[in-house]
file my_file-v8.txt (compact mmCIF, C-alpha atoms)
# COMPACT_ATOMS: atom_id res chain seq x y z
CA MET A 1 -4.53 9.48 -22.16
CA TYR A 2 -6.06 7.82 -25.22
CA GLU A 3 -4.90 6.45 -28.57
CA ILE A 4 -6.48 7.36 -31.89
CA ARG A 5 -6.15 5.05 -34.90
CA ILE A 6 -7.60 5.20 -38.40
CA ARG A 7 -8.57 2.12 -40.39
CA ARG A 8 -10.42 0.97 -43.48
CA ALA A 9 -13.78 -0.51 -42.54
CA ARG A 10 -13.78 -3.23 -45.19
CA ASP A 11 -10.53 -5.01 -44.30
CA LYS A 12 -9.58 -3.52 -40.91
CA VAL A 13 -6.23 -2.29 -42.21
CA TYR A 14 -4.79 0.50 -40.04
CA LEU A 15 -3.40 3.55 -41.83
CA PRO A 16 -0.60 6.01 -41.03
CA VAL A 17 -2.11 8.86 -39.01
CA ALA A 18 -0.04 11.46 -40.85
CA LYS A 19 -0.86 10.19 -44.37
CA PHE A 20 -4.19 8.39 -44.57
CA GLY A 21 -6.69 7.93 -47.39
CA ALA A 22 -6.38 8.49 -51.11
CA GLN A 23 -5.41 12.14 -50.54
CA ARG A 24 -2.79 11.21 -47.87
CA ILE A 25 -4.47 13.46 -45.30
CA ASP A 26 -2.67 14.43 -42.10
CA LEU A 27 -4.69 13.90 -38.91
CA VAL A 28 -3.39 17.26 -37.67
CA THR A 29 -5.16 18.88 -40.63
CA ALA A 30 -8.32 16.77 -40.33
CA TYR A 31 -8.72 17.36 -36.59
CA SER A 32 -8.16 21.09 -36.99
CA GLN A 33 -10.94 21.12 -39.60
CA PHE A 34 -13.20 19.27 -37.18
CA LEU A 35 -12.56 21.76 -34.37
CA ASP A 36 -13.13 24.80 -36.60
CA GLY A 37 -16.13 23.41 -38.45
CA GLU A 38 -18.00 21.71 -35.59
CA LEU A 39 -17.12 23.36 -32.30
CA LYS A 40 -16.37 27.02 -33.03
CA GLY A 41 -18.89 29.79 -32.44
CA ALA A 42 -22.14 28.52 -30.93
CA GLY A 43 -20.64 25.12 -30.15
CA LYS A 44 -22.31 21.77 -30.63
CA LYS A 45 -25.16 19.92 -28.90
CA ILE A 46 -24.76 16.15 -28.89
CA ASP A 47 -28.05 14.37 -28.38
CA ARG A 48 -26.42 11.16 -27.19
CA GLY A 49 -25.86 11.79 -23.49
CA GLU A 50 -27.19 15.36 -23.83
CA ARG A 51 -23.68 16.81 -24.04
CA TYR A 52 -22.54 20.27 -25.12
CA LEU A 53 -19.13 21.32 -26.47
CA ARG A 54 -17.67 24.63 -27.58
CA LEU A 55 -14.14 25.41 -28.73
CA ARG A 56 -12.49 28.13 -26.68
CA ASP A 57 -9.06 28.21 -28.34
CA SER A 58 -6.66 26.08 -30.36
CA GLU A 59 -3.03 26.20 -31.46
CA VAL A 60 -0.94 23.93 -33.68
CA ASP A 61 2.69 23.50 -32.62
CA PHE A 62 4.54 21.24 -35.05
CA ARG A 63 2.85 17.82 -34.50
CA THR A 64 0.69 18.82 -31.52
CA ILE A 65 -2.71 20.51 -31.38
CA TRP A 66 -3.24 22.27 -28.05
CA PHE A 67 -6.87 23.24 -27.55
CA THR A 68 -9.44 24.01 -24.87
CA VAL A 69 -13.10 23.04 -25.03
CA GLU A 70 -15.94 24.10 -22.79
CA SER A 71 -17.83 20.95 -21.85
CA GLY A 72 -21.11 20.36 -20.04
CA ARG A 73 -24.47 18.59 -20.06
CA TYR A 74 -27.98 19.82 -20.65
CA GLY A 75 -31.43 18.26 -20.54
CA VAL A 76 -32.40 18.52 -16.84
CA PRO A 77 -33.82 21.74 -15.33
CA GLY A 78 -32.40 22.93 -12.02
CA LYS A 79 -30.88 25.96 -10.36
CA ILE A 80 -27.58 27.50 -9.29
CA VAL A 81 -27.31 28.17 -5.57
CA GLU A 82 -24.98 30.58 -3.79
CA THR A 83 -23.47 28.09 -1.34
CA GLY A 84 -22.32 30.72 1.15
CA THR A 85 -25.80 32.08 1.74
CA GLY A 86 -28.10 29.38 0.36
CA THR A 87 -29.64 31.97 -1.98
CA ASP A 88 -30.93 30.83 -5.36
CA ALA A 89 -28.81 32.60 -7.97
CA TYR A 90 -30.70 31.66 -11.15
CA GLU A 91 -32.64 28.87 -12.82
CA ILE A 92 -31.17 26.33 -15.23
CA ASP A 93 -33.49 25.66 -18.16
CA VAL A 94 -33.69 22.29 -19.87
CA ASP A 95 -31.54 23.56 -22.78
CA ASP A 96 -28.89 25.17 -20.55
CA ALA A 97 -25.52 23.51 -19.90
CA ALA A 98 -23.16 24.38 -17.06
CA SER A 99 -19.87 24.18 -18.97
CA TYR A 100 -16.28 23.99 -17.78
CA PRO A 101 -13.04 24.72 -19.71
CA LEU A 102 -10.98 21.56 -20.19
CA ARG A 103 -7.56 21.52 -21.84
CA GLN A 104 -6.63 18.98 -24.50
CA ALA A 105 -3.61 17.91 -26.54
CA LEU A 106 -3.52 15.77 -29.67
CA ILE A 107 -0.05 14.51 -30.60
CA VAL A 108 0.33 13.06 -34.10
CA PRO A 109 3.75 11.55 -34.89
CA ASN A 110 4.60 11.88 -38.57
CA VAL A 111 5.16 8.12 -38.78
CA GLY A 112 3.18 5.20 -37.42
CA GLU A 113 -0.45 4.25 -36.86
CA TYR A 114 -1.04 5.92 -33.49
CA ALA A 115 -1.89 9.43 -32.33
CA LEU A 116 -2.10 10.18 -28.61
CA TRP A 117 -4.81 12.33 -27.03
CA ALA A 118 -4.35 13.79 -23.56
CA THR A 119 -7.55 15.16 -22.02
CA GLU A 120 -7.94 17.12 -18.81
CA LEU A 121 -10.28 15.80 -16.12
CA VAL A 122 -11.40 18.23 -13.42
CA GLY A 123 -13.28 16.60 -10.57
CA HIS A 124 -15.93 14.48 -12.26
CA THR A 125 -16.05 16.69 -15.37
CA SER A 126 -14.60 15.44 -18.66
CA ALA A 127 -14.87 16.24 -22.36
CA LEU A 128 -13.97 12.68 -23.34
CA GLY A 129 -17.42 11.39 -24.26
CA GLY A 130 -18.54 14.46 -26.18
CA LEU A 131 -15.32 14.83 -28.17
CA SER A 132 -15.14 11.11 -28.99
CA ILE A 133 -18.73 10.91 -30.22
CA SER A 134 -18.65 14.11 -32.25
CA PHE A 135 -15.25 13.45 -33.89
CA LYS A 136 -16.15 9.87 -34.83
CA ASP A 137 -19.43 11.01 -36.41
CA TRP A 138 -17.76 13.88 -38.27
CA PHE A 139 -14.91 11.67 -39.51
CA ARG A 140 -17.24 8.90 -40.73
CA LYS A 141 -19.29 11.37 -42.78
CA LYS A 142 -16.23 13.27 -44.04
CA TYR A 143 -14.53 10.14 -45.41
CA GLU A 144 -17.61 8.06 -46.16
CA SER A 145 -16.60 7.53 -49.79
CA GLU A 146 -13.39 5.82 -48.66
CA LYS A 147 -15.10 3.90 -45.82
CA LEU A 148 -12.62 5.14 -43.20
CA ILE A 149 -13.37 5.05 -39.49
CA VAL A 150 -11.68 6.24 -36.30
CA GLU A 151 -10.98 4.11 -33.25
CA ILE A 152 -10.42 5.80 -29.85
CA ASN A 153 -9.26 3.61 -26.97
CA HIS A 154 -7.60 3.96 -23.59
CA PHE A 155 -3.87 4.07 -24.15
CA GLN A 156 -1.98 1.48 -22.22
CA ASP A 157 1.38 -0.08 -22.80
CA THR A 158 1.11 -3.38 -20.94
CA ASN A 159 4.80 -3.69 -20.12
CA ALA A 160 4.97 -0.14 -18.80
CA TRP A 161 1.80 -0.58 -16.74
CA ASN A 162 2.91 -3.86 -15.22
CA GLU A 163 6.36 -2.57 -14.39
CA PHE A 164 4.94 0.50 -12.65
CA ILE A 165 2.24 -1.44 -10.80
CA ASP A 166 4.52 -4.28 -9.68
CA ARG A 167 6.80 -1.79 -7.92
CA ALA A 168 4.04 0.52 -6.66
CA SER A 169 2.89 1.22 -3.12
CA LEU A 170 -0.78 2.01 -2.42
CA LYS A 171 -1.39 5.40 -0.81
CA GLU A 172 -5.15 5.78 -1.11
CA ILE A 173 -8.19 3.87 -2.34
CA THR A 174 -11.64 5.36 -3.02
CA TYR A 175 -14.91 3.62 -3.86
CA VAL A 176 -17.14 5.94 -5.92
CA VAL A 177 -20.92 5.48 -6.09
CA HIS A 178 -23.19 7.60 -8.31
CA GLU A 179 -26.72 8.07 -6.97
CA GLN A 180 -29.66 9.79 -8.63
CA ASP A 181 -31.77 11.78 -6.17
CA SER A 182 -35.34 10.54 -5.81
CA ASP A 183 -36.67 13.91 -6.96
CA GLY A 184 -34.55 13.84 -10.14
CA ALA A 185 -32.35 16.78 -9.12
CA VAL A 186 -29.61 17.90 -11.50
CA GLY A 187 -26.64 15.54 -11.55
CA GLY A 188 -27.68 13.41 -8.57
CA ARG A 189 -25.10 12.72 -5.88
CA VAL A 190 -21.67 11.16 -5.70
CA GLN A 191 -20.70 9.12 -2.65
CA GLU A 192 -17.01 8.53 -1.98
CA HIS A 193 -15.79 5.98 0.55
CA LYS A 194 -12.07 6.58 1.05
CA VAL A 195 -9.16 5.03 2.96
CA LYS A 196 -5.77 6.77 3.16
CA ALA A 197 -2.43 5.50 4.37
CA VAL A 198 -1.29 7.40 7.48
CA ARG A 199 2.08 9.06 7.75
CA ARG A 200 4.79 6.76 6.38
CA SER A 201 2.67 3.63 6.20
CA ARG A 202 1.13 2.14 3.08
CA LEU A 203 -2.04 0.20 2.37
CA PRO A 204 -1.67 -3.47 1.36
CA SER A 205 -0.07 -3.59 -2.09
CA PRO A 206 -1.94 -6.80 -3.13
CA TRP A 207 -5.11 -4.69 -3.12
CA ILE A 208 -3.89 -3.04 -6.34
CA LYS A 209 -3.96 -6.23 -8.43
CA ARG A 210 -7.16 -7.45 -6.78
CA ALA A 211 -8.93 -4.17 -7.58
CA LEU A 212 -7.70 -4.29 -11.18
CA GLU A 213 -9.17 -7.79 -11.44
CA ARG A 214 -12.41 -6.52 -9.81
CA ARG A 215 -11.91 -8.84 -6.85
CA LEU A 216 -11.79 -6.22 -4.09
CA PRO A 217 -15.33 -5.48 -2.88
CA ALA A 218 -15.85 -2.58 -0.49
CA ASP A 219 -16.46 -4.83 2.53
CA THR A 220 -12.91 -6.16 2.11
CA VAL A 221 -11.54 -2.68 2.78
CA PHE A 222 -14.12 -1.15 5.12
CA SER A 223 -15.49 -2.51 8.37
CA ALA A 224 -18.90 -1.03 7.60
CA GLN A 225 -21.32 -3.51 6.10
CA GLN A 226 -23.84 -3.18 3.27
CA LEU A 227 -21.98 -0.47 1.37
CA PRO A 228 -23.44 -0.03 -2.14
CA ASP A 229 -21.58 -1.53 -5.09
CA ALA A 230 -19.04 0.95 -6.45
CA ASP A 231 -19.35 2.37 -9.96
CA GLU A 232 -15.60 2.83 -9.98
CA ILE A 233 -12.56 2.36 -7.76
CA ARG A 234 -9.77 4.92 -7.72
CA MET A 235 -6.34 4.01 -6.40
CA GLN A 236 -3.51 6.46 -5.81
CA ILE A 237 -0.25 4.59 -6.20
CA GLU A 238 3.39 5.65 -6.15
CA THR A 239 6.62 4.32 -7.64
CA ASP A 240 9.96 6.08 -7.21
CA GLY A 241 8.20 9.29 -6.18
CA ARG A 242 5.93 9.35 -9.24
CA GLN A 243 2.22 9.23 -8.40
CA ARG A 244 -0.56 7.87 -10.57
CA THR A 245 -4.27 7.33 -10.06
CA ILE A 246 -5.68 4.15 -11.55
CA VAL A 247 -9.41 4.14 -12.24
CA VAL A 248 -11.24 0.82 -12.43
CA GLY A 249 -14.76 1.28 -13.77
CA ASN A 250 -17.06 -0.23 -16.36
CA ASP A 251 -14.41 -0.23 -19.07
CA LEU A 252 -10.67 -0.83 -19.21
CA PRO A 253 -8.66 0.20 -16.14
CA ARG A 254 -6.85 3.42 -16.97
CA PHE A 255 -4.14 5.66 -15.64
CA MET A 256 -4.85 9.23 -14.63
CA TYR A 257 -1.86 11.58 -14.34
CA GLU A 258 -2.11 14.13 -11.56
CA ILE A 259 -0.50 17.51 -12.16
CA GLU A 260 -0.35 20.54 -9.92
CA ASP A 261 1.59 23.75 -9.46
CA GLU A 262 3.97 24.13 -6.53
CA GLY A 263 1.99 27.10 -5.28
CA GLY A 264 -1.11 24.95 -4.83
CA ALA A 265 -3.25 26.92 -7.29
CA VAL A 266 -6.80 25.75 -7.90
CA ALA A 267 -5.87 24.71 -11.45
CA PRO A 268 -2.39 24.10 -12.89
CA SER A 269 -1.11 26.77 -15.25
CA ASN A 270 -1.00 26.11 -18.99
CA GLU A 271 2.77 25.77 -18.71
CA THR A 272 2.41 23.08 -16.03
CA PHE A 273 -0.28 21.27 -18.03
CA ARG A 274 1.80 21.25 -21.20
CA SER A 275 4.93 20.17 -19.39
CA GLY A 276 3.06 17.28 -17.76
CA VAL A 277 1.53 16.19 -21.06
CA LEU A 278 4.83 16.26 -22.94
CA SER A 279 6.57 14.33 -20.18
CA GLU A 280 4.01 11.52 -20.14
CA VAL A 281 3.56 11.41 -23.92
CA GLY A 282 7.32 11.30 -24.39
CA ALA A 283 7.68 8.40 -21.96
CA SER A 284 4.78 6.53 -23.59
CA LEU A 285 6.11 6.95 -27.12
CA GLU A 286 9.56 5.85 -26.02
CA TYR A 287 8.04 2.59 -24.77
CA MET A 288 6.53 2.24 -28.27
CA HIS A 289 9.99 2.92 -29.81
CA VAL A 290 8.78 6.09 -31.54
CA ASP A 291 11.59 8.54 -32.27
CA ARG A 292 11.06 11.89 -30.49
CA ARG A 293 11.96 13.73 -33.70
CA THR A 294 8.75 12.43 -35.30
CA TRP A 295 6.53 14.49 -33.01
CA GLN A 296 8.63 17.17 -31.29
CA LYS A 297 11.00 19.84 -32.61

call {"tool": "encode", "arguments": {"input": "my_file-v8.txt", "output": "structure tokens"}}
result
Amino acid sequence: MYEIRIRRARDKVYLPVAKFGAQRIDLVTAYSQFLDGELKGAGKKIDRGERYLRLRDSEVDFRTIWFTVESGRYGVPGKIVETGTGTDAYEIDVDDAASYPLRQALIVPNVGEYALWATELVGHTSALGGLSISFKDWFRKKYESEKLIVEINHFQDTNAWNEFIDRASLKEITYVVHEQDSDGAVGGRVQEHKVKAVRRSRLPSPWIKRALERRLPADTVFSAQQLPDADEIRMQIETDGRQRTIVVGNDLPRFMYEIEDEGGAVAPSNETFRSGVLSEVGASLEYMHVDRRTWQK
């Protein structure tokens, strides 16, 4: 989950997200214009990072925009292989992008300086980078005369984080290493070195804080020596039956919220996704003392 704020460049004054600029624009309106103008139809290629985005659908419900984008990367030729038979299915050209549908929600309270953005992450696939880059660029050009800019940061309420972490037990820890194949194959490889708690036991809770402080190298956890340095550490923790995954990478540590259907479907239904988003957004805004009536009917 991420926070979106709008400010004036000249004096760094933050503006209400529902009434910003000389025209008192609502971010719900501005973001809808961005989706329709930039991502509809053929989609958008983003040269930075060779990303591709295309809007699949969108819906405005009071103060929330629910939308799905197809996200992928292009720029490296390769091929799609039928894994059951090993047969080459078809070639991937340098301008092709293997894209995946990823659900999003933008919640804009009608008071205050914060909007919250919930973005779906499936495996290692995310629309975060592409959407952030393209919206910031569009917004800067759209409101250039007023010198307005957008800030997008990981959302974290320090008191809420600390309270959850202090009471949490550690169920699983994974060290993730990204490797590029020597022959430059598409996407390279991802190595995962994982330790799980068995049955009713738990891994040492002090590992949580040490990992957050980047003081838990892989050789502390694993008996194997000379493991490569991890690009990120993922920890599955639990407090009062509520599970979270904390990711510690090159930027701020961040929470990931795991959602799934009871039937064990490959992907949660839209109803499950929306219910999970509203639950976590509601809890987060309550910590910020934002009245529920400002963003939900």

call {"tool": "closest_atom_pairs", "arguments": {"input": "my_file-v8.txt", "of": "region 96-200 of chain A", "to": "region 7-23 of chain A", "cutoff": "8 Å", "atoms": "only C-alpha atoms", "output": "JSON lines"}}
result
{"residue": "A:Val108", "atom": "CA", "partner": "A:Val17", "partner_atom": "CA", "distance": 6.9}
{"residue": "A:Pro109", "atom": "CA", "partner": "A:Ala18", "partner_atom": "CA", "distance": 7.1}
{"residue": "A:Asn110", "atom": "CA", "partner": "A:Ala18", "partner_atom": "CA", "distance": 5.2}
{"residue": "A:Val111", "atom": "CA", "partner": "A:Ala18", "partner_atom": "CA", "distance": 6.5}
{"residue": "A:Gly112", "atom": "CA", "partner": "A:Pro16", "partner_atom": "CA", "distance": 5.3}
{"residue": "A:Glu113", "atom": "CA", "partner": "A:Pro16", "partner_atom": "CA", "distance": 4.5}
{"residue": "A:Tyr114", "atom": "CA", "partner": "A:Val17", "partner_atom": "CA", "distance": 6.3}
{"residue": "A:Ala115", "atom": "CA", "partner": "A:Val17", "partner_atom": "CA", "distance": 6.7}
{"residue": "A:Glu146", "atom": "CA", "partner": "A:Gly21", "partner_atom": "CA", "distance": 7.1}
{"residue": "A:Lys147", "atom": "CA", "partner": "A:Ala9", "partner_atom": "CA", "distance": 5.7}
{"residue": "A:Leu148", "atom": "CA", "partner": "A:Arg8", "partner_atom": "CA", "distance": 4.7}
{"residue": "A:Ile149", "atom": "CA", "partner": "A:Arg7", "partner_atom": "CA", "distance": 5.7}
{"residue": "A:Val150", "atom": "CA", "partner": "A:Arg7", "partner_atom": "CA", "distance": 6.6}
{"residue": "A:Glu151", "atom": "CA", "partner": "A:Arg7", "partner_atom": "CA", "distance": 7.8}

call {"tool": "residues_around", "arguments": {"input": "my_file-v8.txt", "residues": "Lys209 (chain A)", "least_positions_apart": "4", "cutoff": "12 Å", "atoms": "only C-alpha atoms", "output": "number ranges by chain"}}
result
A: 161-162, 164-170, 204-205, 213-216, 235, 237, 246, 248, 253

call {"tool": "closest_residue", "arguments": {"input": "my_file-v8.txt", "among": "A:Tyr100, A:Tyr31, A:Phe273, A:Phe155", "to": "Arg63 (chain A)", "atoms": "only C-alpha atoms"}}
result
A:Tyr31

call {"tool": "residues_near_point", "arguments": {"input": "my_file-v8.txt", "point": "(-26.8, 10.1, -24.7)", "cutoff": "10 Å", "atoms": "all atoms listed in the file", "output": "compact mmCIF listing (two decimals) with C-alpha atoms, in the coordinates of the input"}}
result
# COMPACT_ATOMS: atom_id res chain seq x y z
CA ILE A 46 -24.76 16.15 -28.89
CA ASP A 47 -28.05 14.37 -28.38
CA ARG A 48 -26.42 11.16 -27.19
CA GLY A 49 -25.86 11.79 -23.49
CA GLU A 50 -27.19 15.36 -23.83
CA ARG A 51 -23.68 16.81 -24.04
CA ARG A 73 -24.47 18.59 -20.06
CA GLY A 129 -17.42 11.39 -24.26
CA GLY A 130 -18.54 14.46 -26.18
CA ILE A 133 -18.73 10.91 -30.22

call {"tool": "closest_residue", "arguments": {"input": "my_file-v8.txt", "among": "A:Ile208, A:Ala197, A:Ala230, A:Thr29", "to": "Leu106 (chain A)", "atoms": "only C-alpha atoms"}}
result
A:Thr29

call {"tool": "closest_residue", "arguments": {"input": "my_file-v8.txt", "among": "A:Thr64, A:Ser269, A:Thr125, A:Thr85", "to": "Ile107 (chain A)", "atoms": "only C-alpha atoms"}}
result
A:Thr64
